[in-house]
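S.K.: What follows is entry-v8.pdb, made up of PDB, N, CA and C atoms:
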ATOM      1  N   MET V   1       0.849  -1.169   0.000  1.00  0.00           N
ATOM      2  CA  MET V   1       0.000   0.000   0.000  1.00  0.00           C
ATOM      3  C   MET V   1       0.903   1.244   0.000  1.00  0.00           C
ATOM      4  N   THR V   2       0.483   2.255  -0.730  1.00  0.00           N
ATOM      5  CA  THR V   2       1.268   3.483  -0.802  1.00  0.00           C
ATOM      6  C   THR V   2       0.941   4.382   0.388  1.00  0.00           C
ATOM      7  N   LYS V   3       1.923   5.161   0.789  1.00  0.00           N
ATOM      8  CA  LYS V   3       1.739   6.092   1.894  1.00  0.00           C
ATOM      9  C   LYS V   3       1.176   7.402   1.352  1.00  0.00           C
ATOM     10  N   ASP V   4       0.173   7.908   2.012  1.00  0.00           N
ATOM     11  CA  ASP V   4      -0.429   9.179   1.625  1.00  0.00           C
ATOM     12  C   ASP V   4      -0.022  10.230   2.657  1.00  0.00           C
ATOM     13  N   PRO V   5       0.758  11.229   2.254  1.00  0.00           N
ATOM     14  CA  PRO V   5       1.234  12.212   3.230  1.00  0.00           C
ATOM     15  C   PRO V   5       0.109  13.026   3.860  1.00  0.00           C
ATOM     16  N   ILE V   6      -0.979  13.236   3.155  1.00  0.00           N
ATOM     17  CA  ILE V   6      -2.101  13.995   3.720  1.00  0.00           C
ATOM     18  C   ILE V   6      -2.773  13.190   4.824  1.00  0.00           C
ATOM     19  N   VAL V   7      -2.988  11.912   4.579  1.00  0.00           N
ATOM     20  CA  VAL V   7      -3.586  11.039   5.602  1.00  0.00           C
ATOM     21  C   VAL V   7      -2.667  10.960   6.811  1.00  0.00           C
ATOM     22  N   ASP V   8      -1.384  10.840   6.573  1.00  0.00           N
ATOM     23  CA  ASP V   8      -0.420  10.790   7.676  1.00  0.00           C
ATOM     24  C   ASP V   8      -0.476  12.067   8.515  1.00  0.00           C
ATOM     25  N   GLU V   9      -0.598  13.202   7.859  1.00  0.00           N
ATOM     26  CA  GLU V   9      -0.651  14.474   8.571  1.00  0.00           C
ATOM     27  C   GLU V   9      -1.930  14.588   9.400  1.00  0.00           C
ATOM     28  N   VAL V  10      -3.055  14.179   8.827  1.00  0.00           N
ATOM     29  CA  VAL V  10      -4.329  14.208   9.559  1.00  0.00           C
ATOM     30  C   VAL V  10      -4.250  13.308  10.783  1.00  0.00           C
ATOM     31  N   ARG V  11      -3.699  12.120  10.616  1.00  0.00           N
ATOM     32  CA  ARG V  11      -3.576  11.193  11.742  1.00  0.00           C
ATOM     33  C   ARG V  11      -2.656  11.742  12.826  1.00  0.00           C
ATOM     34  N   LYS V  12      -1.594  12.423  12.411  1.00  0.00           N
ATOM     35  CA  LYS V  12      -0.661  13.022  13.372  1.00  0.00           C
ATOM     36  C   LYS V  12      -1.364  14.088  14.203  1.00  0.00           C
ATOM     37  N   HIS V  13      -2.135  14.954  13.544  1.00  0.00           N
ATOM     38  CA  HIS V  13      -2.847  16.013  14.253  1.00  0.00           C
ATOM     39  C   HIS V  13      -3.944  15.435  15.145  1.00  0.00           C
ATOM     40  N   ARG V  14      -4.617  14.411  14.676  1.00  0.00           N
ATOM     41  CA  ARG V  14      -5.648  13.766  15.492  1.00  0.00           C
ATOM     42  C   ARG V  14      -5.025  13.182  16.757  1.00  0.00           C
ATOM     43  N   GLU V  15      -3.883  12.521  16.625  1.00  0.00           N
ATOM     44  CA  GLU V  15      -3.193  11.934  17.767  1.00  0.00           C
ATOM     45  C   GLU V  15      -2.772  13.020  18.761  1.00  0.00           C
ATOM     46  N   GLU V  16      -2.246  14.128  18.270  1.00  0.00           N
ATOM     47  CA  GLU V  16      -1.850  15.231  19.144  1.00  0.00           C
ATOM     48  C   GLU V  16      -3.057  15.811  19.878  1.00  0.00           C
ATOM     49  N   HIS V  17      -4.164  15.925  19.179  1.00  0.00           N
ATOM     50  CA  HIS V  17      -5.381  16.492  19.766  1.00  0.00           C
ATOM     51  C   HIS V  17      -5.916  15.614  20.886  1.00  0.00           C
ATOM     52  N   VAL V  18      -6.060  14.327  20.645  1.00  0.00           N
ATOM     53  CA  VAL V  18      -6.605  13.444  21.684  1.00  0.00           C
ATOM     54  C   VAL V  18      -5.627  13.295  22.847  1.00  0.00           C
ATOM     55  N   ALA V  19      -4.339  13.324  22.577  1.00  0.00           N
ATOM     56  CA  ALA V  19      -3.341  13.220  23.641  1.00  0.00           C
ATOM     57  C   ALA V  19      -3.408  14.438  24.555  1.00  0.00           C
ATOM     58  N   ALA V  20      -3.720  15.603  23.998  1.00  0.00           N
ATOM     59  CA  ALA V  20      -3.812  16.824  24.795  1.00  0.00           C
ATOM     60  C   ALA V  20      -4.927  16.744  25.833  1.00  0.00           C
ATOM     61  N   TYR V  21      -5.924  15.896  25.597  1.00  0.00           N
ATOM     62  CA  TYR V  21      -7.045  15.730  26.526  1.00  0.00           C
ATOM     63  C   TYR V  21      -7.003  14.378  27.227  1.00  0.00           C
ATOM     64  N   GLY V  22      -5.848  13.756  27.220  1.00  0.00           N
ATOM     65  CA  GLY V  22      -5.675  12.499  27.941  1.00  0.00           C
ATOM     66  C   GLY V  22      -6.523  11.358  27.400  1.00  0.00           C
ATOM     67  N   TYR V  23      -6.850  11.410  26.131  1.00  0.00           N
ATOM     68  CA  TYR V  23      -7.646  10.372  25.475  1.00  0.00           C
ATOM     69  C   TYR V  23      -9.025  10.206  26.121  1.00  0.00           C
ATOM     70  N   ASP V  24      -9.499  11.241  26.779  1.00  0.00           N
ATOM     71  CA  ASP V  24     -10.794  11.210  27.472  1.00  0.00           C
ATOM     72  C   ASP V  24     -11.851  11.840  26.573  1.00  0.00           C
ATOM     73  N   ILE V  25     -12.776  11.032  26.096  1.00  0.00           N
ATOM     74  CA  ILE V  25     -13.775  11.505  25.138  1.00  0.00           C
ATOM     75  C   ILE V  25     -14.656  12.597  25.731  1.00  0.00           C
ATOM     76  N   LYS V  26     -14.913  12.533  27.037  1.00  0.00           N
ATOM     77  CA  LYS V  26     -15.744  13.569  27.662  1.00  0.00           C
ATOM     78  C   LYS V  26     -15.015  14.915  27.682  1.00  0.00           C
ATOM     79  N   ARG V  27     -13.719  14.899  27.957  1.00  0.00           N
ATOM     80  CA  ARG V  27     -12.937  16.144  27.935  1.00  0.00           C
ATOM     81  C   ARG V  27     -12.828  16.691  26.520  1.00  0.00           C
ATOM     82  N   ILE V  28     -12.664  15.804  25.546  1.00  0.00           N
ATOM     83  CA  ILE V  28     -12.581  16.231  24.142  1.00  0.00           C
ATOM     84  C   ILE V  28     -13.885  16.896  23.722  1.00  0.00           C
ATOM     85  N   ALA V  29     -15.024  16.250  24.035  1.00  0.00           N
ATOM     86  CA  ALA V  29     -16.331  16.797  23.669  1.00  0.00           C
ATOM     87  C   ALA V  29     -16.586  18.132  24.359  1.00  0.00           C
ATOM     88  N   ALA V  30     -16.220  18.241  25.646  1.00  0.00           N
ATOM     89  CA  ALA V  30     -16.415  19.499  26.372  1.00  0.00           C
ATOM     90  C   ALA V  30     -15.588  20.621  25.748  1.00  0.00           C
ATOM     91  N   ALA V  31     -14.365  20.318  25.362  1.00  0.00           N
ATOM     92  CA  ALA V  31     -13.506  21.324  24.731  1.00  0.00           C
ATOM     93  C   ALA V  31     -14.087  21.763  23.384  1.00  0.00           C
ATOM     94  N   LEU V  32     -14.632  20.832  22.636  1.00  0.00           N
ATOM     95  CA  LEU V  32     -15.220  21.177  21.344  1.00  0.00           C
ATOM     96  C   LEU V  32     -16.478  22.024  21.528  1.00  0.00           C
ATOM     97  N   ARG V  33     -17.296  21.690  22.553  1.00  0.00           N
ATOM     98  CA  ARG V  33     -18.485  22.503  22.827  1.00  0.00           C
ATOM     99  C   ARG V  33     -18.082  23.916  23.240  1.00  0.00           C
ATOM    100  N   GLU V  34     -17.045  24.044  24.064  1.00  0.00           N
ATOM    101  CA  GLU V  34     -16.577  25.356  24.491  1.00  0.00           C
ATOM    102  C   GLU V  34     -16.066  26.161  23.299  1.00  0.00           C
ATOM    103  N   ARG V  35     -15.314  25.503  22.439  1.00  0.00           N
ATOM    104  CA  ARG V  35     -14.796  26.184  21.244  1.00  0.00           C
ATOM    105  C   ARG V  35     -15.953  26.650  20.360  1.00  0.00           C
ATOM    106  N   GLU V  36     -16.991  25.830  20.257  1.00  0.00           N
ATOM    107  CA  GLU V  36     -18.142  26.179  19.438  1.00  0.00           C
ATOM    108  C   GLU V  36     -18.855  27.413  19.991  1.00  0.00           C
ATOM    109  N   THR V  37     -19.003  27.500  21.315  1.00  0.00           N
ATOM    110  CA  THR V  37     -19.701  28.648  21.894  1.00  0.00           C
ATOM    111  C   THR V  37     -18.888  29.926  21.771  1.00  0.00           C
ATOM    112  N   LYS V  38     -17.560  29.825  21.760  1.00  0.00           N
ATOM    113  CA  LYS V  38     -16.706  31.004  21.625  1.00  0.00           C
ATOM    114  C   LYS V  38     -16.557  31.452  20.176  1.00  0.00           C
ATOM    115  N   SER V  39     -16.925  30.596  19.255  1.00  0.00           N
ATOM    116  CA  SER V  39     -16.755  30.893  17.838  1.00  0.00           C
ATOM    117  C   SER V  39     -17.677  32.030  17.406  1.00  0.00           C
ATOM    118  N   GLN V  40     -17.214  32.829  16.479  1.00  0.00           N
ATOM    119  CA  GLN V  40     -18.016  33.914  15.922  1.00  0.00           C
ATOM    120  C   GLN V  40     -18.843  33.446  14.720  1.00  0.00           C
ATOM    121  N   ARG V  41     -18.648  32.207  14.347  1.00  0.00           N
ATOM    122  CA  ARG V  41     -19.375  31.682  13.191  1.00  0.00           C
ATOM    123  C   ARG V  41     -20.808  31.333  13.582  1.00  0.00           C
ATOM    124  N   PRO V  42     -21.757  31.534  12.666  1.00  0.00           N
ATOM    125  CA  PRO V  42     -23.140  31.166  12.988  1.00  0.00           C
ATOM    126  C   PRO V  42     -23.269  29.642  13.078  1.00  0.00           C
ATOM    127  N   LEU V  43     -24.090  29.192  14.024  1.00  0.00           N
ATOM    128  CA  LEU V  43     -24.329  27.763  14.177  1.00  0.00           C
ATOM    129  C   LEU V  43     -25.473  27.345  13.272  1.00  0.00           C
ATOM    130  N   LEU V  44     -25.344  26.214  12.687  1.00  0.00           N
ATOM    131  CA  LEU V  44     -26.365  25.697  11.791  1.00  0.00           C
ATOM    132  C   LEU V  44     -27.026  24.503  12.437  1.00  0.00           C
ATOM    133  N   ASN V  45     -28.327  24.590  12.599  1.00  0.00           N
ATOM    134  CA  ASN V  45     -29.095  23.464  13.087  1.00  0.00           C
ATOM    135  C   ASN V  45     -30.247  23.264  12.108  1.00  0.00           C
ATOM    136  N   PRO V  46     -30.072  22.375  11.142  1.00  0.00           N
ATOM    137  CA  PRO V  46     -31.096  22.221  10.124  1.00  0.00           C
ATOM    138  C   PRO V  46     -32.368  21.538  10.627  1.00  0.00           C
ATOM    139  N   GLY V  47     -32.371  21.066  11.858  1.00  0.00           N
ATOM    140  CA  GLY V  47     -33.557  20.423  12.406  1.00  0.00           C
ATOM    141  C   GLY V  47     -33.694  18.992  11.904  1.00  0.00           C
ATOM    142  N   PRO V  48     -34.772  18.362  12.320  1.00  0.00           N
ATOM    143  CA  PRO V  48     -34.961  16.950  11.936  1.00  0.00           C
ATOM    144  C   PRO V  48     -35.267  16.792  10.452  1.00  0.00           C
ATOM    145  N   LYS V  49     -34.902  15.658   9.947  1.00  0.00           N
ATOM    146  CA  LYS V  49     -35.193  15.342   8.547  1.00  0.00           C
ATOM    147  C   LYS V  49     -36.430  14.440   8.506  1.00  0.00           C
ATOM    148  N   TYR V  50     -37.323  14.754   7.653  1.00  0.00           N
ATOM    149  CA  TYR V  50     -38.543  13.962   7.515  1.00  0.00           C
ATOM    150  C   TYR V  50     -38.506  13.230   6.190  1.00  0.00           C
ATOM    151  N   LEU V  51     -38.825  11.952   6.229  1.00  0.00           N
ATOM    152  CA  LEU V  51     -38.861  11.158   5.012  1.00  0.00           C
ATOM    153  C   LEU V  51     -40.202  11.376   4.318  1.00  0.00           C
ATOM    154  N   LEU V  52     -40.142  11.478   3.017  1.00  0.00           N
ATOM    155  CA  LEU V  52     -41.365  11.584   2.247  1.00  0.00           C
ATOM    156  C   LEU V  52     -41.994  10.215   2.100  1.00  0.00           C
ATOM    157  N   GLU V  53     -43.296  10.181   2.203  1.00  0.00           N
ATOM    158  CA  GLU V  53     -43.972   8.891   2.043  1.00  0.00           C
ATOM    159  C   GLU V  53     -43.928   8.495   0.580  1.00  0.00           C
ATOM    160  N   LYS V  54     -43.714   7.200   0.351  1.00  0.00           N
ATOM    161  CA  LYS V  54     -43.727   6.700  -1.021  1.00  0.00           C
ATOM    162  C   LYS V  54     -45.156   6.632  -1.513  1.00  0.00           C
ATOM    163  N   THR V  55     -45.317   7.024  -2.741  1.00  0.00           N
ATOM    164  CA  THR V  55     -46.653   6.909  -3.342  1.00  0.00           C
ATOM    165  C   THR V  55     -46.668   5.645  -4.172  1.00  0.00           C
ATOM    166  N   GLY V  56     -47.791   5.047  -4.288  1.00  0.00           N
ATOM    167  CA  GLY V  56     -47.921   3.806  -5.068  1.00  0.00           C
ATOM    168  C   GLY V  56     -47.567   4.036  -6.513  1.00  0.00           C
ATOM    169  N   GLY V  57     -46.830   3.117  -7.075  1.00  0.00           N
ATOM    170  CA  GLY V  57     -46.526   3.357  -8.466  1.00  0.00           C
ATOM    171  C   GLY V  57     -45.436   2.598  -8.957  1.00  0.00           C
TER     172      GLY V  57
END
Can the structure from this file be put into structure tokens for me?
M.R.:
Amino acid sequence: MTKDPIVDEVRKHREEHVAAYGYDIKRIAAALRERETKSQRPLLNPGPKYLLEKTGG
């Protein structure tokens, strides 16, 4: 298999990120929620998705 430098870089950053929070998913999620609330970007909540009923045919 060939090595992909972009995939390697993403994996490296992911490893650094989770290590910074002690591999604790609750700490990671809390940090992401905090970052989201401090962000100046608008939050998008598209709401629930509804399936259309199939019509006979």
S.K.: Can you list, as a PDB file with N, CA and C atoms, in the coordinates of the input, every residue of stretch 3-55 of chain V that DSSP puts in helix (DSSP H, G or I)?
M.R.:
ATOM      1  N   PRO V   5       0.758  11.229   2.254  1.00  0.00           N
ATOM      2  CA  PRO V   5       1.234  12.212   3.230  1.00  0.00           C
ATOM      3  C   PRO V   5       0.109  13.026   3.860  1.00  0.00           C
ATOM      4  N   ILE V   6      -0.979  13.236   3.155  1.00  0.00           N
ATOM      5  CA  ILE V   6      -2.101  13.995   3.720  1.00  0.00           C
ATOM      6  C   ILE V   6      -2.773  13.190   4.824  1.00  0.00           C
ATOM      7  N   VAL V   7      -2.988  11.912   4.579  1.00  0.00           N
ATOM      8  CA  VAL V   7      -3.586  11.039   5.602  1.00  0.00           C
ATOM      9  C   VAL V   7      -2.667  10.960   6.811  1.00  0.00           C
ATOM     10  N   ASP V   8      -1.384  10.840   6.573  1.00  0.00           N
ATOM     11  CA  ASP V   8      -0.420  10.790   7.676  1.00  0.00           C
ATOM     12  C   ASP V   8      -0.476  12.067   8.515  1.00  0.00           C
ATOM     13  N   GLU V   9      -0.598  13.202   7.859  1.00  0.00           N
ATOM     14  CA  GLU V   9      -0.651  14.474   8.571  1.00  0.00           C
ATOM     15  C   GLU V   9      -1.930  14.588   9.400  1.00  0.00           C
ATOM     16  N   VAL V  10      -3.055  14.179   8.827  1.00  0.00           N
ATOM     17  CA  VAL V  10      -4.329  14.208   9.559  1.00  0.00           C
ATOM     18  C   VAL V  10      -4.250  13.308  10.783  1.00  0.00           C
ATOM     19  N   ARG V  11      -3.699  12.120  10.616  1.00  0.00           N
ATOM     20  CA  ARG V  11      -3.576  11.193  11.742  1.00  0.00           C
ATOM     21  C   ARG V  11      -2.656  11.742  12.826  1.00  0.00           C
ATOM     22  N   LYS V  12      -1.594  12.423  12.411  1.00  0.00           N
ATOM     23  CA  LYS V  12      -0.661  13.022  13.372  1.00  0.00           C
ATOM     24  C   LYS V  12      -1.364  14.088  14.203  1.00  0.00           C
ATOM     25  N   HIS V  13      -2.135  14.954  13.544  1.00  0.00           N
ATOM     26  CA  HIS V  13      -2.847  16.013  14.253  1.00  0.00           C
ATOM     27  C   HIS V  13      -3.944  15.435  15.145  1.00  0.00           C
ATOM     28  N   ARG V  14      -4.617  14.411  14.676  1.00  0.00           N
ATOM     29  CA  ARG V  14      -5.648  13.766  15.492  1.00  0.00           C
ATOM     30  C   ARG V  14      -5.025  13.182  16.757  1.00  0.00           C
ATOM     31  N   GLU V  15      -3.883  12.521  16.625  1.00  0.00           N
ATOM     32  CA  GLU V  15      -3.193  11.934  17.767  1.00  0.00           C
ATOM     33  C   GLU V  15      -2.772  13.020  18.761  1.00  0.00           C
ATOM     34  N   GLU V  16      -2.246  14.128  18.270  1.00  0.00           N
ATOM     35  CA  GLU V  16      -1.850  15.231  19.144  1.00  0.00           C
ATOM     36  C   GLU V  16      -3.057  15.811  19.878  1.00  0.00           C
ATOM     37  N   HIS V  17      -4.164  15.925  19.179  1.00  0.00           N
ATOM     38  CA  HIS V  17      -5.381  16.492  19.766  1.00  0.00           C
ATOM     39  C   HIS V  17      -5.916  15.614  20.886  1.00  0.00           C
ATOM     40  N   VAL V  18      -6.060  14.327  20.645  1.00  0.00           N
ATOM     41  CA  VAL V  18      -6.605  13.444  21.684  1.00  0.00           C
ATOM     42  C   VAL V  18      -5.627  13.295  22.847  1.00  0.00           C
ATOM     43  N   ALA V  19      -4.339  13.324  22.577  1.00  0.00           N
ATOM     44  CA  ALA V  19      -3.341  13.220  23.641  1.00  0.00           C
ATOM     45  C   ALA V  19      -3.408  14.438  24.555  1.00  0.00           C
ATOM     46  N   ALA V  20      -3.720  15.603  23.998  1.00  0.00           N
ATOM     47  CA  ALA V  20      -3.812  16.824  24.795  1.00  0.00           C
ATOM     48  C   ALA V  20      -4.927  16.744  25.833  1.00  0.00           C
ATOM     49  N   ILE V  25     -12.776  11.032  26.096  1.00  0.00           N
ATOM     50  CA  ILE V  25     -13.775  11.505  25.138  1.00  0.00           C
ATOM     51  C   ILE V  25     -14.656  12.597  25.731  1.00  0.00           C
ATOM     52  N   LYS V  26     -14.913  12.533  27.037  1.00  0.00           N
ATOM     53  CA  LYS V  26     -15.744  13.569  27.662  1.00  0.00           C
ATOM     54  C   LYS V  26     -15.015  14.915  27.682  1.00  0.00           C
ATOM     55  N   ARG V  27     -13.719  14.899  27.957  1.00  0.00           N
ATOM     56  CA  ARG V  27     -12.937  16.144  27.935  1.00  0.00           C
ATOM     57  C   ARG V  27     -12.828  16.691  26.520  1.00  0.00           C
ATOM     58  N   ILE V  28     -12.664  15.804  25.546  1.00  0.00           N
ATOM     59  CA  ILE V  28     -12.581  16.231  24.142  1.00  0.00           C
ATOM     60  C   ILE V  28     -13.885  16.896  23.722  1.00  0.00           C
ATOM     61  N   ALA V  29     -15.024  16.250  24.035  1.00  0.00           N
ATOM     62  CA  ALA V  29     -16.331  16.797  23.669  1.00  0.00           C
ATOM     63  C   ALA V  29     -16.586  18.132  24.359  1.00  0.00           C
ATOM     64  N   ALA V  30     -16.220  18.241  25.646  1.00  0.00           N
ATOM     65  CA  ALA V  30     -16.415  19.499  26.372  1.00  0.00           C
ATOM     66  C   ALA V  30     -15.588  20.621  25.748  1.00  0.00           C
ATOM     67  N   ALA V  31     -14.365  20.318  25.362  1.00  0.00           N
ATOM     68  CA  ALA V  31     -13.506  21.324  24.731  1.00  0.00           C
ATOM     69  C   ALA V  31     -14.087  21.763  23.384  1.00  0.00           C
ATOM     70  N   LEU V  32     -14.632  20.832  22.636  1.00  0.00           N
ATOM     71  CA  LEU V  32     -15.220  21.177  21.344  1.00  0.00           C
ATOM     72  C   LEU V  32     -16.478  22.024  21.528  1.00  0.00           C
ATOM     73  N   ARG V  33     -17.296  21.690  22.553  1.00  0.00           N
ATOM     74  CA  ARG V  33     -18.485  22.503  22.827  1.00  0.00           C
ATOM     75  C   ARG V  33     -18.082  23.916  23.240  1.00  0.00           C
ATOM     76  N   GLU V  34     -17.045  24.044  24.064  1.00  0.00           N
ATOM     77  CA  GLU V  34     -16.577  25.356  24.491  1.00  0.00           C
ATOM     78  C   GLU V  34     -16.066  26.161  23.299  1.00  0.00           C
ATOM     79  N   ARG V  35     -15.314  25.503  22.439  1.00  0.00           N
ATOM     80  CA  ARG V  35     -14.796  26.184  21.244  1.00  0.00           C
ATOM     81  C   ARG V  35     -15.953  26.650  20.360  1.00  0.00           C
ATOM     82  N   GLU V  36     -16.991  25.830  20.257  1.00  0.00           N
ATOM     83  CA  GLU V  36     -18.142  26.179  19.438  1.00  0.00           C
ATOM     84  C   GLU V  36     -18.855  27.413  19.991  1.00  0.00           C
ATOM     85  N   THR V  37     -19.003  27.500  21.315  1.00  0.00           N
ATOM     86  CA  THR V  37     -19.701  28.648  21.894  1.00  0.00           C
ATOM     87  C   THR V  37     -18.888  29.926  21.771  1.00  0.00           C
ATOM     88  N   LYS V  38     -17.560  29.825  21.760  1.00  0.00           N
ATOM     89  CA  LYS V  38     -16.706  31.004  21.625  1.00  0.00           C
ATOM     90  C   LYS V  38     -16.557  31.452  20.176  1.00  0.00           C
TER      91      LYS V  38
END
S.K.: Let me make sure I understand: among V:Lys49, V:Arg14, V:Val7, V:Gln40, which one has the smallest atom-to-atom distance to V:Ile28 if we use only C-alpha atoms?
M.R.: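 Between V:Lys49, V:Arg14, V:Val7, V:Gln40, the residue approaching V:Ile28 most closely is V:Arg14.
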S.K.: Quick check, in Å to one decimal: how far apart do atom C of V:Ala29 and atom C of V:Glu9 lie?
M.R.: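 These two atoms are separated by 21.2 Å.
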S.K.: Would you compute the distance between atom C of V:Tyr21 and atom N of V:Arg33? Give it in Å to one decimal.
M.R.: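 Interatomic distance, atom C of V:Tyr21 to atom N of V:Arg33: 13.5 Å.
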S.K.: Please measure the separation of atom CA of V:Leu43 and atom N of V:Ala20, giving the value in Å to one decimal.
M.R.: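 Computed distance, atom CA of V:Leu43 to atom N of V:Ala20, equals 25.9 Å.
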